[in-house]
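Shown below: query18.cif, with mmCIF, C-alpha atoms.
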```cif
data_protein
loop_
_atom_site.label_atom_id
_atom_site.label_comp_id
_atom_site.auth_asym_id
_atom_site.auth_seq_id
_atom_site.Cartn_x
_atom_site.Cartn_y
_atom_site.Cartn_z
CA MET A 10 -23.92 -44.36 -44.80
CA LYS A 11 -26.43 -42.46 -42.68
CA VAL A 12 -28.90 -44.15 -40.37
CA LYS A 13 -31.83 -41.85 -39.72
CA ASN A 14 -33.74 -43.75 -37.05
CA PRO A 15 -33.99 -47.11 -35.24
CA ASN A 16 -36.00 -48.61 -38.13
CA ASP A 17 -33.17 -47.98 -40.61
CA ILE A 18 -30.53 -49.95 -38.75
CA PRO A 19 -28.86 -52.06 -41.45
CA ASN A 20 -27.81 -55.16 -39.49
CA GLY A 21 -27.21 -56.82 -36.16
CA ASP A 22 -23.53 -55.89 -36.01
CA TYR A 23 -24.33 -52.22 -36.44
CA LYS A 24 -26.90 -52.38 -33.69
CA GLU A 25 -24.60 -54.21 -31.32
CA ALA A 26 -21.81 -51.66 -31.79
CA LEU A 27 -24.26 -48.77 -31.39
CA LEU A 28 -25.71 -50.19 -28.17
CA SER A 29 -22.26 -50.78 -26.77
CA LEU A 30 -21.27 -47.18 -27.48
CA LEU A 31 -24.48 -45.72 -26.04
CA TYR A 32 -24.17 -47.69 -22.81
CA GLN A 33 -20.65 -46.35 -22.31
CA LEU A 34 -21.68 -42.76 -22.99
CA ALA A 35 -24.75 -42.97 -20.76
CA ASP A 36 -23.16 -44.84 -17.86
CA ASP A 37 -20.06 -42.58 -17.82
CA ASP A 38 -22.12 -39.38 -17.57
CA PHE A 39 -24.59 -40.92 -15.14
CA ILE A 40 -22.12 -42.05 -12.48
CA LEU A 41 -19.88 -38.99 -12.72
CA ALA A 42 -22.88 -36.67 -12.40
CA TYR A 43 -23.80 -38.61 -9.27
CA ARG A 44 -20.30 -38.33 -7.80
CA GLY A 45 -20.38 -34.62 -8.60
CA SER A 46 -23.75 -34.18 -6.92
CA GLU A 47 -22.30 -35.63 -3.70
CA TRP A 48 -20.24 -32.43 -3.47
CA LEU A 49 -23.36 -30.35 -2.94
CA GLY A 50 -22.86 -28.21 0.15
CA LEU A 51 -19.25 -29.34 0.45
CA ALA A 52 -17.62 -27.49 -2.45
CA PRO A 53 -14.85 -24.98 -1.57
CA HIS A 54 -17.17 -21.96 -1.71
CA ILE A 55 -20.77 -21.10 -2.42
CA GLU A 56 -20.20 -20.00 -6.02
CA GLU A 57 -18.60 -23.37 -6.68
CA ASP A 58 -21.61 -25.12 -5.15
CA VAL A 59 -23.81 -23.26 -7.64
CA ALA A 60 -21.54 -23.93 -10.60
CA PHE A 61 -20.87 -27.59 -9.82
CA SER A 62 -24.59 -28.26 -9.33
CA SER A 63 -25.36 -26.80 -12.75
CA ILE A 64 -22.66 -28.93 -14.34
CA ASN A 65 -23.96 -32.09 -12.66
CA GLN A 66 -27.50 -31.26 -13.70
CA ASP A 67 -26.38 -30.82 -17.32
CA THR A 68 -24.35 -34.02 -17.19
CA MET A 69 -27.27 -36.00 -15.76
CA GLY A 70 -29.35 -34.50 -18.60
CA HIS A 71 -26.85 -35.84 -21.11
CA ALA A 72 -27.02 -39.31 -19.56
CA THR A 73 -30.83 -39.12 -19.87
CA MET A 74 -30.50 -38.32 -23.58
CA PHE A 75 -28.32 -41.39 -24.14
CA TYR A 76 -30.68 -43.62 -22.11
CA GLN A 77 -33.52 -42.23 -24.21
CA LEU A 78 -31.75 -43.38 -27.38
CA LEU A 79 -31.32 -46.81 -25.81
CA GLU A 80 -35.01 -46.91 -24.94
CA GLU A 81 -35.87 -46.07 -28.56
CA LEU A 82 -33.69 -49.00 -29.61
CA GLY A 83 -35.76 -51.38 -27.50
CA GLU A 84 -33.46 -51.67 -24.50
CA GLY A 85 -36.25 -50.94 -22.02
CA ASP A 86 -37.52 -48.02 -20.03
CA GLN A 87 -34.96 -45.24 -19.49
CA ASP A 88 -35.61 -45.01 -15.74
CA HIS A 89 -34.89 -48.69 -15.46
CA LEU A 90 -31.73 -48.31 -17.55
CA ALA A 91 -30.52 -45.56 -15.23
CA HIS A 92 -31.57 -47.09 -11.90
CA GLY A 93 -32.42 -50.74 -12.29
CA ARG A 94 -29.24 -52.23 -13.76
CA LYS A 95 -26.73 -54.09 -11.61
CA ALA A 96 -23.10 -52.99 -11.38
CA SER A 97 -21.98 -55.88 -13.60
CA GLU A 98 -24.22 -54.56 -16.40
CA ARG A 99 -22.73 -51.05 -16.26
CA ARG A 100 -20.17 -49.98 -18.82
CA ASN A 101 -18.76 -46.84 -17.18
CA ALA A 102 -15.02 -46.42 -16.63
CA ILE A 103 -13.89 -47.38 -13.13
CA LEU A 104 -12.27 -43.97 -12.56
CA LEU A 105 -15.69 -42.31 -12.69
CA GLU A 106 -17.23 -44.50 -10.00
CA GLU A 107 -14.47 -43.92 -7.45
CA VAL A 108 -15.55 -42.18 -4.25
CA ASN A 109 -14.79 -38.49 -3.78
CA GLY A 110 -12.66 -39.23 -0.74
CA SER A 111 -12.84 -40.92 2.63
CA GLY A 112 -15.76 -40.54 4.99
CA HIS A 113 -19.42 -40.27 4.10
CA TYR A 114 -21.58 -37.46 2.75
CA LEU A 115 -23.31 -37.07 6.12
CA GLN A 116 -20.43 -38.02 8.40
CA GLU A 117 -16.97 -36.54 8.20
CA PRO A 118 -16.76 -36.20 4.44
CA ARG A 119 -13.04 -35.84 3.68
CA TYR A 120 -13.50 -35.25 -0.01
CA ASP A 121 -10.51 -34.45 -2.19
CA TRP A 122 -11.04 -31.30 -4.25
CA ALA A 123 -7.84 -31.79 -6.24
CA PHE A 124 -9.10 -35.22 -7.31
CA ALA A 125 -12.47 -33.70 -8.28
CA VAL A 126 -10.84 -30.99 -10.40
CA VAL A 127 -8.45 -33.36 -12.19
CA ARG A 128 -11.04 -36.10 -12.76
CA HIS A 129 -13.65 -33.68 -14.08
CA TYR A 130 -11.21 -31.71 -16.19
CA PHE A 131 -9.58 -34.69 -17.88
CA TYR A 132 -13.00 -36.29 -18.36
CA SER A 133 -14.49 -33.11 -19.87
CA VAL A 134 -11.63 -32.92 -22.36
CA ALA A 135 -12.15 -36.59 -23.31
CA LYS A 136 -15.88 -36.04 -23.59
CA LYS A 137 -15.35 -33.01 -25.82
CA VAL A 138 -13.17 -35.09 -28.16
CA ARG A 139 -15.83 -37.83 -28.31
CA ILE A 140 -18.71 -35.40 -28.77
CA ASP A 141 -16.86 -33.63 -31.61
CA SER A 142 -16.44 -36.99 -33.31
CA LEU A 143 -20.07 -37.97 -32.65
CA LYS A 144 -21.26 -34.86 -34.49
CA ASN A 145 -20.35 -36.85 -37.63
CA SER A 146 -21.73 -40.16 -36.39
CA SER A 147 -23.47 -42.36 -38.95
CA TYR A 148 -26.35 -42.72 -36.45
CA GLU A 149 -28.12 -39.41 -36.98
CA PRO A 150 -30.13 -39.23 -33.72
CA LEU A 151 -26.79 -39.51 -31.90
CA ALA A 152 -25.14 -36.88 -34.12
CA GLU A 153 -27.99 -34.46 -33.39
CA MET A 154 -27.63 -34.99 -29.65
CA ALA A 155 -23.90 -34.42 -29.86
CA ILE A 156 -24.47 -30.95 -31.32
CA LYS A 157 -26.83 -30.12 -28.46
CA ILE A 158 -24.54 -31.53 -25.75
CA ASN A 159 -21.58 -29.64 -27.17
CA THR A 160 -23.19 -26.25 -26.50
CA GLU A 161 -23.36 -27.08 -22.77
CA LEU A 162 -20.02 -28.87 -22.56
CA TYR A 163 -18.35 -25.63 -23.67
CA TYR A 164 -19.10 -24.10 -20.25
CA HIS A 165 -18.04 -27.20 -18.31
CA LEU A 166 -14.66 -27.23 -19.99
CA LEU A 167 -14.12 -23.54 -19.36
CA HIS A 168 -14.91 -24.08 -15.69
CA TRP A 169 -12.65 -27.07 -15.03
CA LYS A 170 -9.80 -25.68 -17.09
CA THR A 171 -9.83 -22.51 -14.96
CA TRP A 172 -9.70 -24.51 -11.72
CA PHE A 173 -7.01 -26.79 -13.07
CA ILE A 174 -4.68 -24.00 -14.19
CA GLN A 175 -5.20 -21.88 -11.09
CA LEU A 176 -4.54 -24.71 -8.63
CA MET A 177 -1.54 -25.93 -10.63
CA ASN A 178 -0.01 -22.46 -10.66
CA ALA A 179 -0.81 -21.74 -7.02
CA GLY A 180 2.26 -23.64 -5.83
CA GLY A 181 2.68 -25.02 -2.31
CA GLU A 182 0.17 -27.53 -1.00
CA ALA A 183 -2.20 -26.93 -3.93
CA ARG A 184 0.40 -27.99 -6.47
CA GLU A 185 1.44 -31.00 -4.42
CA ARG A 186 -2.10 -32.21 -4.05
CA MET A 187 -2.81 -31.63 -7.73
CA ASN A 188 0.28 -33.62 -8.72
CA LYS A 189 -0.91 -36.49 -6.55
CA ALA A 190 -4.41 -36.30 -8.01
CA ILE A 191 -3.04 -36.29 -11.57
CA GLU A 192 -1.02 -39.40 -10.84
CA ARG A 193 -4.09 -41.11 -9.39
CA VAL A 194 -6.39 -40.11 -12.27
CA LEU A 195 -3.93 -41.12 -15.00
CA LYS A 196 -3.57 -44.57 -13.42
CA GLU A 197 -7.17 -45.30 -14.44
CA PHE A 198 -7.71 -42.90 -17.31
CA GLN A 199 -7.19 -45.50 -20.03
CA GLY A 200 -10.47 -46.93 -18.79
CA VAL A 201 -12.17 -43.71 -19.90
CA LEU A 202 -10.39 -43.58 -23.25
CA THR A 203 -11.03 -47.16 -24.26
CA LEU A 204 -14.08 -47.99 -26.36
CA GLY A 205 -14.13 -51.59 -25.14
CA PRO A 206 -14.35 -54.86 -27.02
CA MET A 207 -16.58 -53.41 -29.79
CA GLY A 208 -14.32 -50.40 -30.40
CA LYS A 209 -13.16 -51.54 -33.84
CA GLU A 210 -16.71 -52.19 -35.02
CA MET A 211 -17.75 -48.73 -33.80
CA SER A 212 -15.24 -47.02 -36.08
CA LEU A 213 -15.90 -49.44 -38.95
CA MET A 214 -19.57 -48.50 -38.80
CA ALA A 215 -18.59 -44.82 -38.59
CA LEU A 216 -20.39 -44.44 -35.28
CA ILE A 217 -17.33 -42.75 -33.77
CA GLU A 218 -13.65 -42.50 -34.70
CA GLY A 219 -11.20 -45.13 -33.54
CA GLU A 220 -9.79 -45.29 -30.03
CA GLU A 221 -6.29 -44.39 -31.12
CA SER A 222 -7.12 -41.15 -32.88
CA LEU A 223 -9.50 -40.10 -30.09
CA THR A 224 -6.76 -40.72 -27.53
CA LYS A 225 -4.28 -38.76 -29.62
CA ARG A 226 -6.67 -35.82 -29.80
CA TRP A 227 -7.29 -35.96 -26.06
CA GLU A 228 -3.55 -35.60 -25.55
CA LEU A 229 -3.26 -32.75 -28.03
CA ALA A 230 -6.11 -30.89 -26.36
CA LEU A 231 -4.27 -31.14 -23.04
CA GLN A 232 -0.87 -30.20 -24.44
CA PRO A 233 -1.06 -26.38 -24.12
CA VAL A 234 -2.40 -26.64 -20.56
CA PHE A 235 0.24 -29.20 -19.60
CA GLN A 236 2.95 -26.93 -20.99
CA SER A 237 1.64 -23.79 -19.32
CA THR A 238 1.62 -25.61 -15.97
CA GLN A 239 5.01 -27.30 -16.43
CA LEU A 240 3.68 -30.83 -16.53
CA SER A 241 5.52 -33.53 -18.44
CA PHE A 242 3.85 -34.40 -21.71
CA PRO A 243 2.39 -36.69 -23.00
CA PRO A 244 0.37 -38.01 -20.06
CA ASN A 245 1.04 -41.66 -19.38
CA VAL A 246 -2.28 -43.44 -18.91
CA SER A 247 -3.03 -46.93 -17.63
CA MET A 248 -5.92 -49.02 -16.32
CA LYS A 249 -4.98 -50.73 -13.08
CA LYS A 250 -8.25 -51.63 -11.40
CA GLY A 251 -10.00 -53.22 -14.36
CA ASN A 252 -11.96 -52.42 -17.48
CA GLY A 253 -15.40 -50.98 -16.82
CA ARG A 254 -16.30 -51.48 -20.50
CA LEU A 255 -16.25 -55.23 -19.75
CA GLY A 256 -18.49 -54.84 -16.71
CA GLU A 257 -15.58 -54.96 -14.27
CA HIS A 258 -16.21 -52.67 -11.32
CA THR A 259 -15.29 -51.94 -7.71
CA PRO A 260 -17.56 -52.24 -4.65
CA GLU A 261 -17.68 -48.42 -4.72
CA LEU A 262 -20.09 -48.66 -7.66
CA ASP A 263 -22.42 -51.02 -5.76
CA THR A 264 -22.62 -48.61 -2.85
CA ALA A 265 -23.26 -45.66 -5.16
CA LEU A 266 -26.00 -47.51 -7.06
CA SER A 267 -27.81 -48.60 -3.92
CA THR A 268 -27.83 -45.02 -2.63
CA LEU A 269 -28.83 -43.27 -5.83
CA SER A 270 -31.47 -45.83 -6.78
CA GLU A 271 -33.06 -46.01 -3.35
CA VAL A 272 -36.22 -44.13 -4.38
CA TYR A 273 -36.56 -46.04 -7.64
CA ASN A 274 -36.13 -49.38 -5.91
CA THR A 275 -38.72 -48.50 -3.28
CA ASN A 276 -41.28 -47.66 -5.94
CA PRO A 277 -40.29 -47.71 -9.62
CA ALA A 278 -43.44 -45.75 -10.53
CA ALA A 279 -42.65 -42.87 -8.17
CA SER A 280 -41.95 -39.58 -9.86
CA TRP A 281 -39.32 -37.33 -8.34
CA MET B 9 -54.70 -22.80 -36.57
CA THR B 10 -50.95 -22.57 -35.99
CA ALA B 11 -51.27 -18.86 -35.28
CA THR B 12 -54.02 -19.54 -32.74
CA VAL B 13 -51.91 -22.19 -31.03
CA LEU B 14 -48.96 -19.79 -30.92
CA ASP B 15 -51.18 -17.15 -29.31
CA VAL B 16 -52.16 -19.64 -26.64
CA LEU B 17 -48.54 -20.74 -26.15
CA GLN B 18 -47.64 -17.08 -25.55
CA THR B 19 -49.42 -17.51 -22.20
CA VAL B 20 -47.09 -20.35 -21.15
CA LYS B 21 -44.26 -18.70 -19.27
CA ASP B 22 -40.88 -20.04 -18.26
CA PRO B 23 -41.55 -21.31 -14.69
CA GLU B 24 -38.26 -19.79 -13.57
CA ILE B 25 -38.47 -16.48 -15.46
CA ASP B 26 -42.15 -15.67 -15.46
CA SER B 27 -41.90 -12.57 -17.65
CA ILE B 28 -41.03 -14.54 -20.77
CA SER B 29 -43.11 -17.00 -22.78
CA ILE B 30 -41.79 -20.20 -24.31
CA VAL B 31 -42.56 -18.68 -27.72
CA ASP B 32 -40.36 -15.65 -27.09
CA LEU B 33 -37.69 -17.96 -25.71
CA GLY B 34 -37.64 -19.64 -29.11
CA MET B 35 -38.55 -23.04 -27.67
CA VAL B 36 -41.41 -23.81 -30.05
CA ASN B 37 -40.16 -25.74 -33.05
CA ARG B 38 -43.17 -27.23 -34.82
CA ILE B 39 -46.90 -27.48 -34.39
CA HIS B 40 -48.79 -30.31 -36.05
CA HIS B 41 -52.53 -30.11 -36.04
CA HIS B 42 -54.66 -32.93 -37.33
CA GLU B 43 -58.41 -33.00 -36.72
CA ASN B 44 -58.76 -33.04 -32.97
CA ALA B 45 -55.15 -33.83 -32.15
CA LEU B 46 -52.27 -31.49 -31.54
CA MET B 47 -48.58 -32.30 -31.53
CA ILE B 48 -46.14 -29.67 -30.36
CA GLU B 49 -42.38 -29.96 -30.66
CA LEU B 50 -40.36 -28.01 -28.13
CA LEU B 51 -36.61 -27.44 -27.99
CA PRO B 52 -35.11 -27.66 -24.49
CA THR B 53 -32.80 -24.75 -23.67
CA PHE B 54 -30.57 -26.87 -21.43
CA VAL B 55 -31.30 -30.61 -21.48
CA GLY B 56 -31.04 -31.19 -17.74
CA CYS B 57 -33.37 -28.29 -16.97
CA PRO B 58 -35.85 -29.41 -14.28
CA ALA B 59 -38.44 -26.93 -15.59
CA LEU B 60 -39.00 -29.03 -18.73
CA ASP B 61 -41.62 -31.32 -17.18
CA ILE B 62 -43.48 -28.32 -15.76
CA ILE B 63 -43.45 -26.59 -19.14
CA LYS B 64 -44.73 -29.75 -20.82
CA GLY B 65 -47.59 -30.02 -18.32
CA ASN B 66 -48.47 -26.33 -18.69
CA VAL B 67 -48.56 -26.56 -22.49
CA GLU B 68 -50.85 -29.59 -22.39
CA LYS B 69 -53.17 -27.94 -19.91
CA VAL B 70 -53.44 -24.62 -21.70
CA CYS B 71 -54.16 -26.29 -25.05
CA ARG B 72 -56.92 -28.41 -23.51
CA ASP B 73 -58.44 -25.55 -21.54
CA GLN B 74 -58.24 -22.79 -24.11
CA LEU B 75 -58.44 -24.63 -27.42
CA GLY B 76 -60.65 -27.48 -26.29
CA ILE B 77 -58.30 -30.02 -27.86
CA GLN B 78 -58.20 -33.23 -25.85
CA SER B 79 -55.32 -35.00 -27.51
CA VAL B 80 -52.25 -32.87 -26.93
CA GLN B 81 -48.83 -34.36 -27.26
CA VAL B 82 -45.72 -32.41 -26.32
CA GLN B 83 -42.38 -33.72 -27.48
CA PHE B 84 -38.89 -32.41 -26.71
CA VAL B 85 -36.58 -32.65 -29.72
CA TYR B 86 -32.89 -31.83 -30.04
CA SER B 87 -32.72 -30.95 -33.70
CA PRO B 88 -32.40 -28.12 -34.46
CA PRO B 89 -30.60 -27.48 -31.17
CA TRP B 90 -31.90 -24.53 -29.18
CA THR B 91 -29.49 -21.63 -29.48
CA SER B 92 -29.75 -18.23 -27.82
CA ASP B 93 -30.24 -16.42 -31.14
CA ARG B 94 -33.72 -17.98 -31.21
CA LEU B 95 -34.88 -15.45 -28.61
CA THR B 96 -37.29 -12.94 -30.12
CA GLU B 97 -36.83 -9.18 -29.81
CA THR B 98 -39.76 -9.12 -27.37
CA GLY B 99 -38.14 -11.97 -25.47
CA ARG B 100 -34.94 -9.99 -25.07
CA GLU B 101 -36.89 -7.02 -23.68
CA ARG B 102 -38.84 -9.28 -21.28
CA LEU B 103 -35.60 -10.72 -19.93
CA LYS B 104 -34.31 -7.23 -19.19
CA GLU B 105 -37.55 -6.39 -17.37
CA PHE B 106 -36.90 -9.40 -15.16
CA GLY B 107 -33.36 -8.17 -14.45
CA ILE B 108 -31.64 -10.62 -16.78
CA ALA B 109 -29.24 -9.42 -19.47
CA PRO B 110 -30.08 -11.09 -22.79
CA PRO B 111 -27.28 -12.98 -24.56
CA PRO B 112 -25.47 -11.35 -27.50
CA GLU B 113 -27.43 -11.80 -30.73
CA HIS B 114 -24.60 -13.57 -32.49
CA PHE B 115 -21.99 -15.49 -30.58
CA THR B 116 -19.33 -17.87 -31.86
CA GLY B 117 -17.38 -18.48 -28.66
CA GLU B 118 -14.27 -16.82 -30.08
CA GLU B 119 -15.10 -13.24 -29.15
CA ASP B 120 -15.45 -11.73 -25.67
CA TRP B 121 -18.91 -11.85 -24.20
CA GLU B 122 -19.70 -8.18 -23.48
CA ILE B 123 -22.57 -7.92 -21.05
CA HIS B 124 -24.55 -4.74 -20.44
CA CYS B 125 -26.35 -4.19 -17.15
CA PRO B 126 -30.12 -4.78 -17.65
CA TYR B 127 -30.89 -1.87 -15.29
CA CYS B 128 -28.60 0.95 -16.48
CA ASP B 129 -27.20 -0.50 -19.71
CA SER B 130 -23.61 0.07 -18.55
CA PRO B 131 -20.98 -2.24 -20.08
CA TYR B 132 -18.94 -1.79 -16.88
CA THR B 133 -19.91 -5.13 -15.34
CA SER B 134 -18.06 -8.06 -13.81
CA MET B 135 -18.72 -11.78 -13.93
CA GLU B 136 -19.16 -13.23 -10.46
CA ASN B 137 -20.04 -16.77 -11.53
CA LEU B 138 -20.39 -18.22 -15.00
CA PHE B 139 -23.00 -20.53 -13.48
CA GLY B 140 -26.13 -19.21 -11.82
CA PRO B 141 -29.35 -20.28 -10.10
CA THR B 142 -30.42 -22.14 -13.25
CA ALA B 143 -28.34 -23.84 -15.93
CA CYS B 144 -29.01 -21.09 -18.48
CA ARG B 145 -27.93 -18.12 -16.34
CA SER B 146 -24.75 -16.49 -15.00
CA ILE B 147 -24.32 -14.13 -12.03
CA LEU B 148 -22.85 -10.64 -12.56
CA TYR B 149 -22.37 -7.33 -10.81
CA CYS B 150 -22.77 -3.84 -12.26
CA LYS B 151 -20.02 -1.47 -11.24
CA GLN B 152 -21.98 1.51 -12.51
CA CYS B 153 -25.34 1.22 -10.71
CA ARG B 154 -24.06 -1.34 -8.19
CA ASN B 155 -26.80 -3.85 -8.78
CA PRO B 156 -26.16 -7.57 -8.86
CA PHE B 157 -27.86 -9.15 -11.86
CA GLU B 158 -28.00 -12.25 -14.02
CA ALA B 159 -27.30 -12.83 -17.69
CA MET B 160 -28.57 -15.56 -19.98
CA LYS B 161 -25.66 -17.60 -21.29
CA PRO B 162 -24.99 -17.39 -25.01
CA ILE B 163 -25.49 -20.78 -26.64
CA SER B 164 -24.30 -21.30 -30.19
CA THR B 165 -23.53 -24.35 -32.29
CA MET B 166 -20.30 -22.61 -33.30
CA MET B 167 -18.91 -22.84 -29.76
#
```
Could you show the structure in this file as structure tokens?
Amino acid sequence: MKVKNPNDIPNGDYKEALLSLLYQLADDDFILAYRGSEWLGLAPHIEEDVAFSSINQDTMGHATMFYQLLEELGEGDQDHLAHGRKASERRNAILLEEVNGSGHYLQEPRYDWAFAVVRHYFYSVAKKVRIDSLKNSSYEPLAEMAIKINTELYYHLLHWKTWFIQLMNAGGEARERMNKAIERVLKEFQGVLTLGPMGKEMSLMALIEGEESLTKRWELALQPVFQSTQLSFPPNVSMKKGNGRLGEHTPELDTALSTLSEVYNTNPAASW
Amino acid sequence: MTATVLDVLQTVKDPEIDSISIVDLGMVNRIHHHENALMIELLPTFVGCPALDIIKGNVEKVCRDQLGIQSVQVQFVYSPPWTSDRLTETGRERLKEFGIAPPPEHFTGEEDWEIHCPYCDSPYTSMENLFGPTACRSILYCKQCRNPFEAMKPISTMM
């Protein structure tokens, strides 16, 4: 079955599963692009500032594409979807909303670069697995977007993989901090891998493959890197703080949303 | 009519690389013309590119001003995806004039990306940063003529 556009949607169940998937994809990219953008001016060196900004810009662009699909499905204006929804309505994984470290962007930011590298690397691998599957999605507008997103994701993956391997092989403090970051990221990574309560319907409708096979492929994609950096395999993931796919979130998301939506909330018609 | 519209679109340059037109960049996908209404489909190079809104505005303006068409609609579409092999031969030359190495004509992601210096054509170059001042560019250095330069990233659906 192929669904060419919003008017061809066969039934309510299909639509519900599609909306659920799109909200996860959009909200994940949106909040992680924001967390990434908070590194601007604080990255380890100027080349990284340039690279990380490009990656965040791309990722925010991907979120916009998903919000655009939601708008076409009658979910409301895409600016509102990005800025106007409360934390409880967001479907992003909790890991992606976590702060970059202690302190504040303007005062004493003690951001953790190891955490940034691990979170972005593991997320990019998971996103690549999802995007590859979405290229065959039964919802054609989504499949077309996946092909486009994939061309940009290629460079993100290359970037984070390089950082990951180099810091892991650097030994000393770098290795120690990376090990700690890996432990922290894996504690919540199931939240990224899960497709939420509609997961089964999503694969039944051929919107995306099932959670289990996507998870398996995420592991396999990491295997060579884990082996080359002497990490135990497979990674053991869990979800300690709650399931973002159910609208469960931490106060860190509220703070992020109030900061990033400040302009929109002051004047929703403002262009910026 | 399509040919006339394309001629006019040749005057719309990339706001960040003003030697190259959106036509030579391969961004123009389709042009629909019906009575006094024009619909132009453009393919974004990188989706988060902040120049997209400026390009859209410039296209609308130039079509109104030069073709006298009041109803101009510009739409960004993702299918077919923009890939770097859409650049025209002229486009590749214009990039070089601007100091940007054009991407390889065919790229699958498997092979090495060999980049020649846009100034002296030497292949003896080094990558300083895969990411550059805009999403579509990388930063390099030529070890032959000792000029820093940029290269447009290859984008292929086979990557």
Given all atoms listed in the file as the counted atoms, nearest of B:Glu119, B:Glu136, B:Asp129, B:Glu158 to chain A: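 Result for the nearest residue to chain A: B:Glu136.
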Result set, the PyMOL selection byres ((chain A) within 9 of (chain B)) on current file, as a ChimeraX atom specification: /A:56-57,59-71,73-74,150,153-154,156-161,163-164,168
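Minimum distance to Met47 in chain B across B:Met135, B:Glu122, B:Gln81, B:Ala11 (counting all atoms listed in the file) occurs at B:Gln81.
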Interatomic distance, CA of Gln77 in chain A to CA of Leu262 in chain A (Å, one decimal):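 Straight-line distance from CA of Gln77 in chain A to CA of Leu262 in chain A works out to 22.3 Å.
The gap separating CA of Lys170 in chain A from CA of Ile123 in chain B is 22.2 Å, in Å to one decimal.
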Spatial neighbours of Thr268 in chain A, max dist 12 Å, only C-alpha atoms, sep filter under 2 positions, as a PyMOL selection string: chain A and resi 40+43-44+47+92+113-114+261-266+270-275
